[in-house]
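Reproduced below: input.cif, with mmCIF, C-alpha atoms and all ligand atoms.
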data_my_file
loop_
_atom_site.group_PDB
_atom_site.id
_atom_site.type_symbol
_atom_site.label_atom_id
_atom_site.label_comp_id
_atom_site.auth_asym_id
_atom_site.auth_seq_id
_atom_site.Cartn_x
_atom_site.Cartn_y
_atom_site.Cartn_z
ATOM 1 C CA MET A 70 -16.780 -9.656 -1.587
ATOM 2 C CA ILE A 71 -16.066 -5.966 -1.121
ATOM 3 C CA VAL A 72 -12.853 -4.022 -0.578
ATOM 4 C CA ARG A 73 -13.437 -0.530 0.761
ATOM 5 C CA MET A 74 -10.918 2.198 0.055
ATOM 6 C CA TRP A 75 -10.504 5.760 1.296
ATOM 7 C CA VAL A 76 -8.362 8.424 -0.376
ATOM 8 C CA LEU A 77 -7.082 11.558 1.400
ATOM 9 C CA GLU A 78 -4.872 14.510 0.608
ATOM 10 C CA ALA A 79 -2.496 14.893 3.547
ATOM 11 C CA ARG A 80 -2.088 18.665 3.080
ATOM 12 C CA SER A 81 -5.712 19.328 3.969
ATOM 13 C CA ALA A 82 -6.261 16.366 6.324
ATOM 14 C CA GLU A 83 -3.240 16.750 8.632
ATOM 15 C CA ALA A 84 -4.495 19.358 11.128
ATOM 16 C CA GLU A 85 -7.591 17.392 12.060
ATOM 17 C CA ALA A 86 -5.760 14.048 11.783
ATOM 18 C CA ARG A 87 -3.343 15.015 14.578
ATOM 19 C CA GLY A 88 -6.239 14.807 17.049
ATOM 20 C CA LEU A 89 -6.530 11.042 16.445
ATOM 21 C CA LEU A 90 -2.920 10.130 17.237
ATOM 22 C CA THR A 91 -1.361 8.888 20.465
ATOM 23 C CA PRO A 92 1.154 11.157 22.274
ATOM 24 C CA ALA A 93 3.984 8.834 21.096
ATOM 25 C CA GLU A 94 2.888 9.157 17.456
ATOM 26 C CA LEU A 95 2.598 12.928 17.792
ATOM 27 C CA SER A 96 6.137 13.252 19.122
ATOM 28 C CA ARG A 97 7.424 10.961 16.362
ATOM 29 C CA ALA A 98 5.585 13.119 13.800
ATOM 30 C CA ASP A 99 7.133 16.284 15.189
ATOM 31 C CA GLU A 100 10.631 14.788 14.897
ATOM 32 C CA LEU A 101 10.183 14.190 11.175
ATOM 33 C CA GLY A 102 12.168 16.823 9.345
ATOM 34 C CA ARG A 103 10.387 17.164 6.022
ATOM 35 C CA GLU A 104 6.915 18.684 6.032
ATOM 36 C CA GLN A 105 5.592 16.275 3.400
ATOM 37 C CA VAL A 106 6.878 13.232 5.305
ATOM 38 C CA ARG A 107 5.277 14.521 8.526
ATOM 39 C CA ARG A 108 1.941 15.188 6.823
ATOM 40 C CA THR A 109 1.682 11.754 5.277
ATOM 41 C CA PHE A 110 2.836 10.066 8.510
ATOM 42 C CA VAL A 111 0.151 11.887 10.522
ATOM 43 C CA THR A 112 -2.611 11.300 7.982
ATOM 44 C CA SER A 113 -1.708 7.651 7.431
ATOM 45 C CA ARG A 114 -1.534 6.754 11.121
ATOM 46 C CA ALA A 115 -4.764 8.699 11.780
ATOM 47 C CA VAL A 116 -6.719 6.999 9.005
ATOM 48 C CA GLN A 117 -5.599 3.578 10.290
ATOM 49 C CA ARG A 118 -6.800 4.586 13.777
ATOM 50 C CA ALA A 119 -10.112 5.922 12.398
ATOM 51 C CA LEU A 120 -10.727 2.640 10.557
ATOM 52 C CA GLY A 121 -9.939 0.534 13.631
ATOM 53 C CA ALA A 122 -12.026 2.818 15.843
ATOM 54 C CA ARG A 123 -15.090 2.568 13.595
ATOM 55 C CA HIS A 124 -14.741 -1.195 13.268
ATOM 56 C CA LEU A 125 -14.160 -1.859 16.981
ATOM 57 C CA GLY A 126 -16.328 0.908 18.436
ATOM 58 C CA VAL A 127 -13.516 2.406 20.551
ATOM 59 C CA ALA A 128 -11.690 5.759 20.565
ATOM 60 C CA ALA A 129 -9.059 6.193 17.841
ATOM 61 C CA ALA A 130 -6.142 6.547 20.267
ATOM 62 C CA GLU A 131 -7.148 3.259 21.945
ATOM 63 C CA VAL A 132 -6.887 1.139 18.802
ATOM 64 C CA GLY A 133 -4.049 -1.379 19.135
ATOM 65 C CA ILE A 134 -2.002 -1.562 15.917
ATOM 66 C CA SER A 135 0.883 -4.026 15.643
ATOM 67 C CA ARG A 136 3.655 -3.616 13.083
ATOM 68 C CA ALA A 137 5.534 -6.741 14.102
ATOM 69 C CA CYS A 138 7.087 -8.576 11.165
ATOM 70 C CA ALA A 139 5.568 -12.066 10.866
ATOM 71 C CA HIS A 140 8.744 -13.249 9.143
ATOM 72 C CA CYS A 141 11.573 -12.057 11.408
ATOM 73 C CA GLY A 142 9.797 -10.745 14.512
ATOM 74 C CA ASP A 143 11.090 -7.145 14.204
ATOM 75 C CA GLY A 144 8.570 -4.814 15.819
ATOM 76 C CA ASP A 145 8.394 -2.061 13.219
ATOM 77 C CA HIS A 146 8.508 -3.216 9.606
ATOM 78 C CA GLY A 147 5.727 -5.802 9.350
ATOM 79 C CA LYS A 148 2.307 -5.440 7.780
ATOM 80 C CA PRO A 149 0.241 -3.351 10.205
ATOM 81 C CA HIS A 150 -2.802 -5.053 11.724
ATOM 82 C CA PHE A 151 -5.338 -4.384 14.436
ATOM 83 C CA THR A 152 -4.505 -6.536 17.445
ATOM 84 C CA ALA A 153 -8.191 -6.755 18.439
ATOM 85 C CA ALA A 154 -9.539 -7.224 14.895
ATOM 86 C CA PRO A 155 -7.428 -9.690 12.884
ATOM 87 C CA GLU A 156 -10.493 -10.293 10.660
ATOM 88 C CA LEU A 157 -10.169 -6.797 9.150
ATOM 89 C CA ASP A 158 -7.188 -6.840 6.824
ATOM 90 C CA PHE A 159 -5.926 -3.474 5.613
ATOM 91 C CA SER A 160 -3.122 -1.975 3.573
ATOM 92 C CA VAL A 161 -1.907 1.594 3.258
ATOM 93 C CA SER A 162 -0.008 3.453 0.566
ATOM 94 C CA HIS A 163 1.267 6.993 0.405
ATOM 95 C CA THR A 164 2.830 8.823 -2.488
ATOM 96 C CA GLY A 165 3.310 12.563 -2.896
ATOM 97 C CA ASP A 166 0.474 14.112 -0.885
ATOM 98 C CA LEU A 167 -1.898 11.160 -1.301
ATOM 99 C CA VAL A 168 -2.717 8.701 1.472
ATOM 100 C CA VAL A 169 -4.867 5.712 0.538
ATOM 101 C CA ILE A 170 -6.103 2.817 2.672
ATOM 102 C CA ALA A 171 -7.860 -0.381 1.557
ATOM 103 C CA ALA A 172 -9.646 -2.731 3.936
ATOM 104 C CA SER A 173 -11.750 -5.874 3.839
ATOM 105 C CA THR A 174 -13.054 -8.634 6.077
ATOM 106 C CA GLY A 175 -13.450 -10.950 3.065
ATOM 107 C CA THR A 176 -9.931 -11.077 1.626
ATOM 108 C CA ARG A 177 -6.347 -10.245 2.433
ATOM 109 C CA VAL A 178 -5.364 -6.970 0.763
ATOM 110 C CA GLY A 179 -2.237 -5.227 -0.456
ATOM 111 C CA LEU A 180 -2.312 -1.746 -1.952
ATOM 112 C CA ASP A 181 0.223 0.349 -3.784
ATOM 113 C CA VAL A 182 -0.102 3.779 -5.363
ATOM 114 C CA GLU A 183 2.685 5.375 -7.409
ATOM 115 C CA LEU A 184 2.843 8.850 -8.908
ATOM 116 C CA GLY A 185 3.307 8.472 -12.658
ATOM 117 C CA SER A 186 5.194 11.801 -12.748
ATOM 118 C CA ARG A 187 8.118 10.450 -10.643
ATOM 119 C CA THR A 188 11.537 10.603 -12.238
ATOM 120 C CA ILE A 189 12.765 7.102 -13.033
ATOM 121 C CA GLU A 190 15.736 5.530 -14.805
ATOM 122 C CA ILE A 191 13.826 3.447 -17.322
ATOM 123 C CA GLU A 192 16.538 0.911 -18.239
ATOM 124 C CA GLU A 193 17.605 0.405 -14.624
ATOM 125 C CA MET A 194 14.007 -0.022 -13.563
ATOM 126 C CA VAL A 195 13.278 -2.630 -16.229
ATOM 127 C CA ARG A 196 16.382 -4.558 -15.136
ATOM 128 C CA VAL A 197 15.580 -4.489 -11.417
ATOM 129 C CA LEU A 198 11.820 -4.791 -11.617
ATOM 130 C CA ALA A 199 10.837 -7.018 -14.498
ATOM 131 C CA SER A 200 10.787 -10.814 -14.716
ATOM 132 C CA GLU A 201 11.902 -12.410 -17.987
ATOM 133 C CA SER A 202 8.357 -12.614 -19.374
ATOM 134 C CA GLU A 203 7.702 -8.982 -18.409
ATOM 135 C CA GLN A 204 10.962 -7.857 -20.008
ATOM 136 C CA ARG A 205 9.833 -9.466 -23.267
ATOM 137 C CA SER A 206 6.502 -7.599 -23.254
ATOM 138 C CA LEU A 207 8.113 -4.286 -22.184
ATOM 139 C CA ASP A 208 10.686 -4.623 -24.986
ATOM 140 C CA GLY A 209 8.136 -3.622 -27.608
ATOM 141 C CA LEU A 210 7.143 -0.374 -25.809
ATOM 142 C CA ASP A 211 8.654 3.088 -25.604
ATOM 143 C CA GLY A 212 7.970 6.648 -24.394
ATOM 144 C CA ASP A 213 4.969 7.248 -22.132
ATOM 145 C CA THR A 214 3.511 3.807 -22.886
ATOM 146 C CA LEU A 215 6.645 2.174 -21.473
ATOM 147 C CA ARG A 216 6.674 4.473 -18.414
ATOM 148 C CA THR A 217 3.048 3.732 -17.586
ATOM 149 C CA ALA A 218 3.542 -0.013 -18.123
ATOM 150 C CA LEU A 219 6.563 0.060 -15.792
ATOM 151 C CA PHE A 220 4.680 1.911 -13.065
ATOM 152 C CA ARG A 221 1.876 -0.626 -13.464
ATOM 153 C CA VAL A 222 4.326 -3.523 -12.949
ATOM 154 C CA TRP A 223 5.858 -1.712 -9.963
ATOM 155 C CA ALA A 224 2.491 -1.017 -8.307
ATOM 156 C CA ARG A 225 1.296 -4.594 -8.871
ATOM 157 C CA LYS A 226 4.476 -6.048 -7.319
ATOM 158 C CA GLU A 227 4.505 -3.713 -4.366
ATOM 159 C CA ALA A 228 0.804 -4.410 -3.731
ATOM 160 C CA THR A 229 1.663 -8.131 -3.741
ATOM 161 C CA VAL A 230 4.445 -7.911 -1.137
ATOM 162 C CA LYS A 231 2.262 -5.612 0.949
ATOM 163 C CA LEU A 232 -0.507 -8.211 0.931
ATOM 164 C CA THR A 233 1.885 -10.916 2.137
ATOM 165 C CA GLY A 234 3.793 -8.574 4.497
ATOM 166 C CA HIS A 235 7.159 -9.663 3.056
ATOM 167 C CA GLY A 236 8.086 -6.207 1.826
ATOM 168 C CA LEU A 237 10.765 -5.491 -0.749
ATOM 169 C CA LEU A 238 13.767 -7.104 0.895
ATOM 170 C CA GLN A 239 12.576 -10.697 1.087
ATOM 171 C CA VAL A 240 11.316 -11.139 -2.471
ATOM 172 C CA PRO A 241 13.348 -9.815 -5.412
ATOM 173 C CA PHE A 242 10.879 -8.065 -7.683
ATOM 174 C CA SER A 243 12.276 -9.910 -10.703
ATOM 175 C CA ALA A 244 11.093 -13.186 -9.062
ATOM 176 C CA LEU A 245 7.471 -12.039 -9.317
ATOM 177 C CA SER A 246 5.529 -11.994 -12.583
ATOM 178 C CA VAL A 247 2.462 -9.780 -12.586
ATOM 179 C CA ASP A 248 1.704 -9.721 -16.317
ATOM 180 C CA GLY A 249 -1.435 -11.826 -15.795
ATOM 181 C CA PRO A 250 -4.434 -11.575 -13.459
ATOM 182 C CA VAL A 251 -2.734 -13.811 -10.854
ATOM 183 C CA VAL A 252 0.797 -13.385 -9.443
ATOM 184 C CA ARG A 253 3.417 -16.013 -10.355
ATOM 185 C CA VAL A 254 6.366 -16.344 -8.000
ATOM 186 C CA ASP A 255 9.675 -17.987 -8.780
ATOM 187 C CA GLY A 256 10.823 -19.614 -5.519
ATOM 188 C CA ALA A 257 8.189 -18.542 -2.976
ATOM 189 C CA PRO A 258 9.746 -17.453 0.358
ATOM 190 C CA ASP A 259 8.578 -18.845 3.707
ATOM 191 C CA GLY A 260 5.133 -17.597 4.645
ATOM 192 C CA TRP A 261 3.983 -17.014 1.043
ATOM 193 C CA PRO A 262 0.174 -17.555 0.825
ATOM 194 C CA GLU A 263 -1.116 -20.907 -0.444
ATOM 195 C CA GLU A 264 -4.014 -19.212 -2.216
ATOM 196 C CA PRO A 265 -3.544 -17.311 -5.490
ATOM 197 C CA ILE A 266 -2.929 -13.555 -5.326
ATOM 198 C CA HIS A 267 -5.233 -11.692 -7.723
ATOM 199 C CA LEU A 268 -4.451 -8.251 -9.126
ATOM 200 C CA THR A 269 -6.778 -5.345 -9.872
ATOM 201 C CA ASP A 270 -5.606 -2.086 -11.457
ATOM 202 C CA LEU A 271 -7.226 1.002 -9.968
ATOM 203 C CA SER A 272 -7.943 4.521 -11.228
ATOM 204 C CA LEU A 273 -7.511 6.962 -8.369
ATOM 205 C CA GLY A 274 -6.742 10.080 -10.430
ATOM 206 C CA HIS A 275 -4.098 12.596 -9.249
ATOM 207 C CA GLY A 276 -1.762 11.250 -11.999
ATOM 208 C CA SER A 277 -1.339 8.014 -10.064
ATOM 209 C CA VAL A 278 -0.969 4.385 -11.033
ATOM 210 C CA ALA A 279 -2.416 2.048 -8.411
ATOM 211 C CA ALA A 280 -2.888 -1.663 -7.867
ATOM 212 C CA LEU A 281 -4.777 -3.805 -5.383
ATOM 213 C CA ALA A 282 -3.750 -7.381 -4.548
ATOM 214 C CA THR A 283 -6.360 -9.704 -3.028
ATOM 215 C CA THR A 284 -6.673 -13.386 -2.186
ATOM 216 C CA VAL A 285 -10.195 -13.398 -3.652
ATOM 217 C CA ALA A 286 -10.748 -12.944 -7.400
ATOM 218 C CA LYS A 287 -12.589 -9.963 -8.883
ATOM 219 C CA PRO A 288 -13.346 -7.990 -5.707
ATOM 220 C CA GLU A 289 -15.932 -5.244 -5.748
ATOM 221 C CA VAL A 290 -13.953 -2.088 -4.946
ATOM 222 C CA ASP A 291 -15.680 0.868 -3.323
ATOM 223 C CA ILE A 292 -13.520 4.028 -3.338
ATOM 224 C CA VAL A 293 -14.435 7.105 -1.254
ATOM 225 C CA THR A 294 -12.507 10.390 -1.201
ATOM 226 C CA LEU A 295 -12.452 11.969 2.253
ATOM 227 C CA ALA A 296 -11.838 15.627 3.139
ATOM 228 C CA ARG A 297 -11.348 14.748 6.819
ATOM 229 C CA VAL A 298 -10.088 11.538 8.418
ATOM 230 C CA SER A 299 -12.968 11.511 10.883
ATOM 231 C CA ASP A 300 -15.462 11.384 7.983
ATOM 232 C CA LEU A 301 -14.449 7.734 7.464
ATOM 233 C CA SER A 302 -17.409 5.446 8.100
ATOM 234 C CA VAL A 303 -17.640 1.655 7.826
HETATM 235 C C1 LIG A 401 6.233 -2.570 2.577
HETATM 236 C C2 LIG A 401 7.071 -1.683 1.676
HETATM 237 C C3 LIG A 401 7.180 -2.358 0.315
HETATM 238 C C4 LIG A 401 6.321 -0.353 1.514
HETATM 239 O O1 LIG A 401 7.101 0.535 0.764
HETATM 240 P P1 LIG A 401 6.828 2.103 0.828
HETATM 241 O O2 LIG A 401 7.615 2.741 -0.243
HETATM 242 O O3 LIG A 401 6.993 2.589 2.223
HETATM 243 O O4 LIG A 401 5.310 2.111 0.381
HETATM 244 P P2 LIG A 401 4.076 3.027 0.705
HETATM 245 O O5 LIG A 401 4.436 4.404 1.060
HETATM 246 O O6 LIG A 401 3.141 2.856 -0.426
HETATM 247 O O7 LIG A 401 3.398 2.316 1.971
HETATM 248 C C5 LIG A 401 3.771 2.594 3.270
HETATM 249 C C6 LIG A 401 2.892 1.750 4.145
HETATM 250 O O8 LIG A 401 3.175 0.355 3.935
HETATM 251 C C7 LIG A 401 2.767 -0.324 5.097
HETATM 252 N N1 LIG A 401 3.780 -1.319 5.389
HETATM 253 C C8 LIG A 401 4.985 -1.147 5.974
HETATM 254 N N2 LIG A 401 5.631 -2.336 6.065
HETATM 255 C C9 LIG A 401 4.797 -3.250 5.521
HETATM 256 C C10 LIG A 401 4.896 -4.647 5.310
HETATM 257 N N3 LIG A 401 5.976 -5.366 5.681
HETATM 258 N N4 LIG A 401 3.868 -5.283 4.709
HETATM 259 C C11 LIG A 401 2.769 -4.594 4.335
HETATM 260 N N5 LIG A 401 2.602 -3.257 4.499
HETATM 261 C C12 LIG A 401 3.628 -2.613 5.086
HETATM 262 C C13 LIG A 401 2.595 0.695 6.223
HETATM 263 O O9 LIG A 401 1.205 0.846 6.478
HETATM 264 C C14 LIG A 401 3.157 1.955 5.617
HETATM 265 O O10 LIG A 401 2.494 3.127 6.030
HETATM 266 P P3 LIG A 401 2.570 3.677 7.545
HETATM 267 O O11 LIG A 401 3.985 3.530 7.986
HETATM 268 O O12 LIG A 401 2.128 5.082 7.427
HETATM 269 O O13 LIG A 401 1.633 2.789 8.317
HETATM 270 C C15 LIG A 401 8.485 -1.392 2.251
HETATM 271 O O14 LIG A 401 8.366 -0.499 3.352
HETATM 272 C C16 LIG A 401 9.154 -2.658 2.758
HETATM 273 O O15 LIG A 401 9.682 -3.393 1.955
HETATM 274 N N6 LIG A 401 9.107 -2.888 4.074
HETATM 275 C C17 LIG A 401 9.648 -4.094 4.730
HETATM 276 C C18 LIG A 401 11.117 -4.050 4.689
HETATM 277 C C19 LIG A 401 11.805 -5.115 5.484
HETATM 278 O O16 LIG A 401 12.545 -4.763 6.341
HETATM 279 N N7 LIG A 401 11.644 -6.405 5.198
HETATM 280 C C20 LIG A 401 12.421 -7.424 5.822
HETATM 281 C C21 LIG A 401 11.520 -8.466 6.407
HETATM 282 S S1 LIG A 401 12.423 -9.619 7.412
#
What is this file in structure tokens?
Ligand SMILES: CC(C)(COP(=O)(O)OP(=O)(O)OC[C@H]1O[C@@H](n2cnc3c(N)ncnc32)[C@H](O)[C@@H]1OP(=O)(O)O)[C@@H](O)C(=O)NCCC(=O)NCCS
Amino acid sequence: MIVRMWVLEARSAEAEARGLLTPAELSRADELGREQVRRTFVTSRAVQRALGARHLGVAAAEVGISRACAHCGDGDHGKPHFTAAPELDFSVSHTGDLVVIAASTGTRVGLDVELGSRTIEIEEMVRVLASESEQRSLDGLDGDTLRTALFRVWARKEATVKLTGHGLLQVPFSALSVDGPVVRVDGAPDGWPEEPIHLTDLSLGHGSVAALATTVAKPEVDIVTLARVSDLSV
């Protein structure tokens, strides 16, 4: 079973990516104040459209993407999916200038990428993020080893709630334990998958820490770096 991933730098991809968006997405992009936020919005939405377009054989702007939340019905904070291609599960992450998308027809996917250089409050993060078993293993670490281990826990948990679509608000991170190959959840919320959620750590470079969650164990992961969104091929 294969998970395909594409990595882009928004700074160089944005100009061409704009050509793949709908008029509504373009006006939303142009209302975004910060340049970096606009770039990643444009590149992320364009790469989702390029993936759907290649898979469905239609023009990028015609790809139907729903963001309805499966848990509360809200139209804008659910896991995005192609309305005409539910068999192709995908997950997107952006951090700094990086935009990354993972997709598969053989497993559900959740992806998270974090920049290891981000400023974090270590003690606060351990308290909010770590389950009891994780706190015990983090206790013995310090300095850069502790920082990297914390980012790893963070990326694994965020990848998990992006696979399920629950997001951060419905599952306290301390209720998830990701210190093994399969996620353990203390008090699973409604809609939590019956099948185990497997975790794979990824090396994407750019000083990032990244994790992929899948409902199939040991996926083959194929990672391609793209200079242009329209170079994406499936
Ligand atoms: C999902 C979530 C953890 C992502 O956090 P983030 O810091 O934005 O993470 P990233 O930048 O790595 O990823 C952003 C991408 O996550 C995806 N995403 C957004 N909501 C998602 C969800 N519920 N499930 C899975 N993926 C989601 C989108 O593709 C988004 O990129 P896009 O807007 O360009 O399409 C966070 O947005 C969240 O918790 N959302 C749901 C919040 C909520 O209201 N929950 C209540 C449910 S009743």
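Taking atom CA of Ser202 of chain A and atom CA of Leu215 of chain A as the two end points, the separation is 15.0 Å.
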Practice task
Collect all residues with atoms no farther than 7 Å from ligand LIG 401 (chain A), counting all atoms listed in the file, and output them as a list in words.
Solution key: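 Taking all atoms listed in the file into account, the residues around ligand LIG 401 (chain A) at most 7 Å away are Phe110, Ser113, Arg114, Cys138, His140, Cys141, His146, Gly147, Lys148, Pro149, Ser160, Val161, Ser162, His163, Thr164, Gly179, Asp181, Val182, Glu227, Val230, Lys231, Leu232, Thr233, Gly234, His235, Gly236, Leu237, Leu238 and Gln239 of chain A.
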Practice task
Please identify all polymer residues within 8 Å of segment 283-297 of chain A, counting only C-alpha atoms, omitting same-chain residues fewer than 3 positions from it, and present them as a count of residues only.
Solution key: 27
Handout entry: Point-to-point distance from atom CA of Val247 of chain A to atom CA of Ser277 of chain A, Å rounded to tenths
Key =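 Spanning atom CA of Val247 of chain A to atom CA of Ser277 of chain A is a straight-line distance of 18.4 Å.
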Quick one: 4 Å padding each side, axis-aligned, all listed atoms of segment 138-157 of chain A - centre and edge lengths in Å to one decimal, as AutoDock Vina command-line options?
--center_x 0.5 --center_y -7.7 --center_z 13.1 --size_x 30.1 --size_y 19.2 --size_z 18.7
Practice task
Taking the file as shown, find all residues satisfying the PyMOL selection byres (((chain A and resi 89-92) around 9) and not hetatm) and write them as a ChimeraX atom specification.
Solution key: /A:85-88,93-97,111,114-116,118-119,128-131,298-299
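As for atom CA of Val251 of chain A and atom CA of His124 of chain A, they are spaced 29.8 Å apart.
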Apply the PyMOL selection byres (((chain A and resi 187-201) around 12) and not hetatm) to the structure shown and report the selected residues as a PDB file with C-alpha atoms, keeping the file's coordinate frame.
ATOM      1  CA  THR A 164       2.830   8.823  -2.488  1.00  0.00           C
ATOM      2  CA  GLY A 165       3.310  12.563  -2.896  1.00  0.00           C
ATOM      3  CA  VAL A 182      -0.102   3.779  -5.363  1.00  0.00           C
ATOM      4  CA  GLU A 183       2.685   5.375  -7.409  1.00  0.00           C
ATOM      5  CA  LEU A 184       2.843   8.850  -8.908  1.00  0.00           C
ATOM      6  CA  GLY A 185       3.307   8.472 -12.658  1.00  0.00           C
ATOM      7  CA  SER A 186       5.194  11.801 -12.748  1.00  0.00           C
ATOM      8  CA  SER A 202       8.357 -12.614 -19.374  1.00  0.00           C
ATOM      9  CA  GLU A 203       7.702  -8.982 -18.409  1.00  0.00           C
ATOM     10  CA  GLN A 204      10.962  -7.857 -20.008  1.00  0.00           C
ATOM     11  CA  ARG A 205       9.833  -9.466 -23.267  1.00  0.00           C
ATOM     12  CA  SER A 206       6.502  -7.599 -23.254  1.00  0.00           C
ATOM     13  CA  LEU A 207       8.113  -4.286 -22.184  1.00  0.00           C
ATOM     14  CA  ASP A 208      10.686  -4.623 -24.986  1.00  0.00           C
ATOM     15  CA  LEU A 210       7.143  -0.374 -25.809  1.00  0.00           C
ATOM     16  CA  ASP A 211       8.654   3.088 -25.604  1.00  0.00           C
ATOM     17  CA  GLY A 212       7.970   6.648 -24.394  1.00  0.00           C
ATOM     18  CA  ASP A 213       4.969   7.248 -22.132  1.00  0.00           C
ATOM     19  CA  THR A 214       3.511   3.807 -22.886  1.00  0.00           C
ATOM     20  CA  LEU A 215       6.645   2.174 -21.473  1.00  0.00           C
ATOM     21  CA  ARG A 216       6.674   4.473 -18.414  1.00  0.00           C
ATOM     22  CA  THR A 217       3.048   3.732 -17.586  1.00  0.00           C
ATOM     23  CA  ALA A 218       3.542  -0.013 -18.123  1.00  0.00           C
ATOM     24  CA  LEU A 219       6.563   0.060 -15.792  1.00  0.00           C
ATOM     25  CA  PHE A 220       4.680   1.911 -13.065  1.00  0.00           C
ATOM     26  CA  ARG A 221       1.876  -0.626 -13.464  1.00  0.00           C
ATOM     27  CA  VAL A 222       4.326  -3.523 -12.949  1.00  0.00           C
ATOM     28  CA  TRP A 223       5.858  -1.712  -9.963  1.00  0.00           C
ATOM     29  CA  ALA A 224       2.491  -1.017  -8.307  1.00  0.00           C
ATOM     30  CA  ARG A 225       1.296  -4.594  -8.871  1.00  0.00           C
ATOM     31  CA  LYS A 226       4.476  -6.048  -7.319  1.00  0.00           C
ATOM     32  CA  GLU A 227       4.505  -3.713  -4.366  1.00  0.00           C
ATOM     33  CA  LEU A 237      10.765  -5.491  -0.749  1.00  0.00           C
ATOM     34  CA  VAL A 240      11.316 -11.139  -2.471  1.00  0.00           C
ATOM     35  CA  PRO A 241      13.348  -9.815  -5.412  1.00  0.00           C
ATOM     36  CA  PHE A 242      10.879  -8.065  -7.683  1.00  0.00           C
ATOM     37  CA  SER A 243      12.276  -9.910 -10.703  1.00  0.00           C
ATOM     38  CA  ALA A 244      11.093 -13.186  -9.062  1.00  0.00           C
ATOM     39  CA  LEU A 245       7.471 -12.039  -9.317  1.00  0.00           C
ATOM     40  CA  SER A 246       5.529 -11.994 -12.583  1.00  0.00           C
ATOM     41  CA  VAL A 247       2.462  -9.780 -12.586  1.00  0.00           C
ATOM     42  CA  ASP A 248       1.704  -9.721 -16.317  1.00  0.00           C
ATOM     43  CA  VAL A 252       0.797 -13.385  -9.443  1.00  0.00           C
ATOM     44  CA  ARG A 253       3.417 -16.013 -10.355  1.00  0.00           C
ATOM     45  CA  VAL A 254       6.366 -16.344  -8.000  1.00  0.00           C
ATOM     46  CA  ASP A 255       9.675 -17.987  -8.780  1.00  0.00           C
ATOM     47  CA  GLY A 276      -1.762  11.250 -11.999  1.00  0.00           C
ATOM     48  CA  SER A 277      -1.339   8.014 -10.064  1.00  0.00           C
ATOM     49  CA  VAL A 278      -0.969   4.385 -11.033  1.00  0.00           C
TER      50      VAL A 278
END
Handout entry: Proximity to Asp158 of chain A - best of A:Gly126, A:Gly209, A:Trp261, A:Gly121, all atoms listed in the file
Key = A:Gly121
Problem - For Thr112 of chain A, the nearest of the candidates A:Asp145, A:Asp99, A:Val132, A:Leu167, counting all atoms listed in the file - result: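 Smallest distance to Thr112 of chain A is found for A:Leu167.
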Practice task
Return the single residue from A:Ala139, A:Ala154, A:Leu120, A:Val127 that is closest to Ser302 of chain A, with distances computed using all atoms listed in the file.
Solution key: A:Leu120
Any idea what's packed within 6 Å of Phe151 of chain A, counting only C-alpha atoms, ignoring anything in its chain fewer than 2 positions away? Could you give it as a PDB file with C-alpha atoms, in the frame of the given file?
ATOM      1  CA  GLY A 133      -4.049  -1.379  19.135  1.00  0.00           C
ATOM      2  CA  ILE A 134      -2.002  -1.562  15.917  1.00  0.00           C
ATOM      3  CA  ALA A 153      -8.191  -6.755  18.439  1.00  0.00           C
ATOM      4  CA  ALA A 154      -9.539  -7.224  14.895  1.00  0.00           C
ATOM      5  CA  PRO A 155      -7.428  -9.690  12.884  1.00  0.00           C
TER       6      PRO A 155
END
